[in-house]
Amino acid sequence: MDFPFVKEAISSLFKKSSCDMYPVRPSEAAPNYRGRIVFHPDKCINCMMCERVCSGSAITHTSEQTPEGELVTRTFYLGSCTFCATCMDFCTHGAIEFTRDYHMIATKEEDLMVSGTFLKKPPVKKPKPAAPAAPKAEAKPAAPAAGTVIKPRDDGKPVQVPSKCVYCTICAKKCPAGALEVDRAAKTWTLNEDECVGCGTCAEACPKKAILMPGDEPVTVGAPAAPAAPKAEAKPAPAAVPATIGREDGKPVQDPDKCVYCTICAKKCPAGALEVDRAAKTWKLDEDSCVACGTCESVCPKKAIVCGVQDAPAEAPKAEEKPAAPAPAEAPKAEDKPAAPLKPRDDGRPLQDPSKCVYCTICAKKCPVGALEVDRAAKTWKLDEDLCIGCGTCAASCPKQAILY
Amino acid sequence: MFKKLIEESTGKSPWLFHINAGSCNGCDIELVSVLTPRYDAERLGFKLAGTPRHADIVVVTGPVTQQSLNRVLRTIEQVPEPRCIVTMGSCPQSGNVFRGSYAIAGPLSKYVHVDVDVAGCTPKPEAVIDGLVKATEILREKRRAMK
């Protein structure tokens, strides 16, 4: 008879217990354990984000109007909490904290309530109406009143800097409380004082840094008398002559020497402010629609658009050399065949190297304006001279380097 | 004399009965881990009973669904007085994420008096042991009051 377990049983008698001996020996929760909630009412701004994201509806609040402001009591009912910490993640001010305390034993419901009370002061309606109301009306007809200083408000709510604002509506979309109303067409930026919780999300979202929050530097509006002048000159005169190019109001300026009138800028303009005619070679900006977002500058394949004031260092001389190019642009159309001995064309359009080309049609597919027609079977490569904007995409995409550009 | 001995020993060794009232099984698994060697609540006298008629403490997990409500109440009624009802996890206390669902009849406190709430989702086994110890104290007081 074999008793294998006898040996095991006897040796186990002298082993240490595998039990945790909990009440005797206290145990601590893991480092990132999410236990009892601690609420810091002094940090809370009452944006209600936590209440909205709570899956267990464990967060509630009561408010009471007092002469000093709104007295808000926020309550976390741990008996309905899943300890998912979503409220903590969404809290922009770190007012919610999860501790490692897991001893949540209660005999009464109140034992599981964590709450905090804070006073929400009413908005101080001082700096805001003074600042945006005036420049808003004046912004379009004349340059904003020089020397107006826009200061952040002391009640934690945002202030718009009308001279910087492009009315892109991003702030309104990002506002968790839905307190902002921005009309791009009417160029209005309206803050609902009661809804606003002063979370600062709008200021963070603003691509133009046109929203001031407490702690930001005051902004001096005005001085740029320039916007009015270049506005008129921008179209007729080439802008590349002075040391700096572009307009101070951030709206685009076209460089007629570089522009190939491909209409990409007009297509991409979110405000529909650009009108480009390829045949007539015109580039028109609708000053009122333009929001100075800079999209046209970024999409232009020829870097022919400048938004905002920029130095024109190396570009200036180039622009002076080039003017010869646009003029013969029409002429080479007829005489580009003789230039075939595989020299890149001087009008900026692509040239096929038949010895290298495999007629894979990639260039035709990549051409943004559909100016190339490649037939693999017939081994033909045709360029529509009128459509081609000379962007060079075909040359860049050719796997055989068969396009000279 | 025997009566006194029995009373002493039952006070030190309350038996548990576990009811799953539509739980997601998270709390059920934790309760099992409380009773198994790692946390070993049996060394404190707790023992899982096979029938509610032998039990002193009822541990309820789950948000009390419409389907389970009647069965939960019938089971609790079978537990002899003095009994102690412990809710484990957030679900029986409030419905937790299932709150407001058409299928939920809870919270349990709408139907019976709940003695101890162990909050958490799920509670740590240590917290469950704390809750059970608390339930034992309540049980002892109830027993004294019945005399």
# chains A, B, ... in the order shown; residues from 1 in each chain; ligands from 1
>>> residues_around(residues="Arg349 (chain A)", least_positions_apart="3", cutoff="8 Å", atoms="only C-alpha atoms", output="list in words")
Arg345, Asp346, Cys388, Ile389, Gly390, Cys391, Gly392 and Tyr405 of chain A
>>> closest_atom_pairs(of="chain B", to="chain A", cutoff="10 Å", atoms="only C-alpha atoms", output="CSV")
residue,atom,partner,partner_atom,distance
B:Thr36,CA,A:Cys19,CA,9.0
B:Pro37,CA,A:Cys19,CA,5.7
B:Arg38,CA,A:Cys19,CA,4.6
B:Tyr39,CA,A:Asp20,CA,5.5
B:Asp40,CA,A:Cys19,CA,6.5
B:Ala41,CA,A:Tyr22,CA,9.2
B:Arg43,CA,A:Met21,CA,9.0
B:Leu44,CA,A:Pro23,CA,9.6
B:Val86,CA,A:Thr107,CA,9.3
B:Thr87,CA,A:Ala106,CA,9.9
B:Met88,CA,A:Ile105,CA,9.7
B:Gly89,CA,A:Gly79,CA,7.5
B:Ser90,CA,A:Gly79,CA,4.7
B:Cys91,CA,A:Ser80,CA,7.0
B:Pro92,CA,A:Gly79,CA,8.7
B:Gln93,CA,A:Gly79,CA,5.7
B:Ser94,CA,A:Ser80,CA,5.4
B:Gly95,CA,A:Ser80,CA,6.8
B:Asn96,CA,A:Ser80,CA,4.5
B:Val97,CA,A:Gly56,CA,4.2
B:Phe98,CA,A:Gly56,CA,7.4
B:Arg99,CA,A:Gly56,CA,7.0
B:Gly100,CA,A:Gly56,CA,9.8
B:Val114,CA,A:Thr107,CA,7.9
B:Asp115,CA,A:Thr107,CA,5.7
B:Val116,CA,A:Thr107,CA,4.6
B:Asp117,CA,A:Ala106,CA,4.9
B:Val118,CA,A:Ile105,CA,4.8
B:Ala119,CA,A:Met104,CA,5.3
B:Gly120,CA,A:Thr82,CA,6.9
B:Cys121,CA,A:Thr82,CA,5.1
B:Thr122,CA,A:Thr82,CA,8.0
B:Pro123,CA,A:Tyr102,CA,7.3
B:Lys124,CA,A:Tyr102,CA,6.8
B:Pro125,CA,A:Tyr22,CA,9.3
B:Glu126,CA,A:Tyr22,CA,6.6
B:Ala127,CA,A:His103,CA,5.4
B:Val128,CA,A:Ile105,CA,8.4
B:Ile129,CA,A:Pro23,CA,8.0
B:Asp130,CA,A:Ile105,CA,7.2
B:Gly131,CA,A:Ile105,CA,5.8
B:Leu132,CA,A:Ile105,CA,9.5
B:Val133,CA,A:Pro23,CA,9.6
B:Lys134,CA,A:Ile105,CA,8.2
B:Ala135,CA,A:Thr107,CA,9.2
B:Ile138,CA,A:Thr107,CA,9.6
>>> atom_distance(atom1="CA of Ser397 (chain A)", atom2="CA of Thr361 (chain A)")
10.2 Å
>>> residues_around(residues="Gly50 (chain B)", least_positions_apart="6", cutoff="12 Å", atoms="only C-alpha atoms", output="PyMOL selection string")
chain B and resi 15-19+56+58+79
>>> atom_distance(atom1="CA of Asn32 (chain A)", atom2="CA of Met49 (chain A)")
22.8 Å
>>> residues_around(residues="Val197 (chain A)", least_positions_apart="3", cutoff="12 Å", atoms="only C-alpha atoms", output="JSON, numbers by chain")
{"A": [44, 45, 46, 47, 48, 49, 92, 93, 120, 121, 122, 123, 155, 156, 157, 158, 175, 176, 177, 178, 179, 180, 191, 192, 193, 194, 200, 201, 202]}
>>> closest_residue(among="A:Val369, A:Cys171, A:Leu285, A:Ile305", to="Cys394 (chain A)", atoms="only C-alpha atoms")
A:Val369
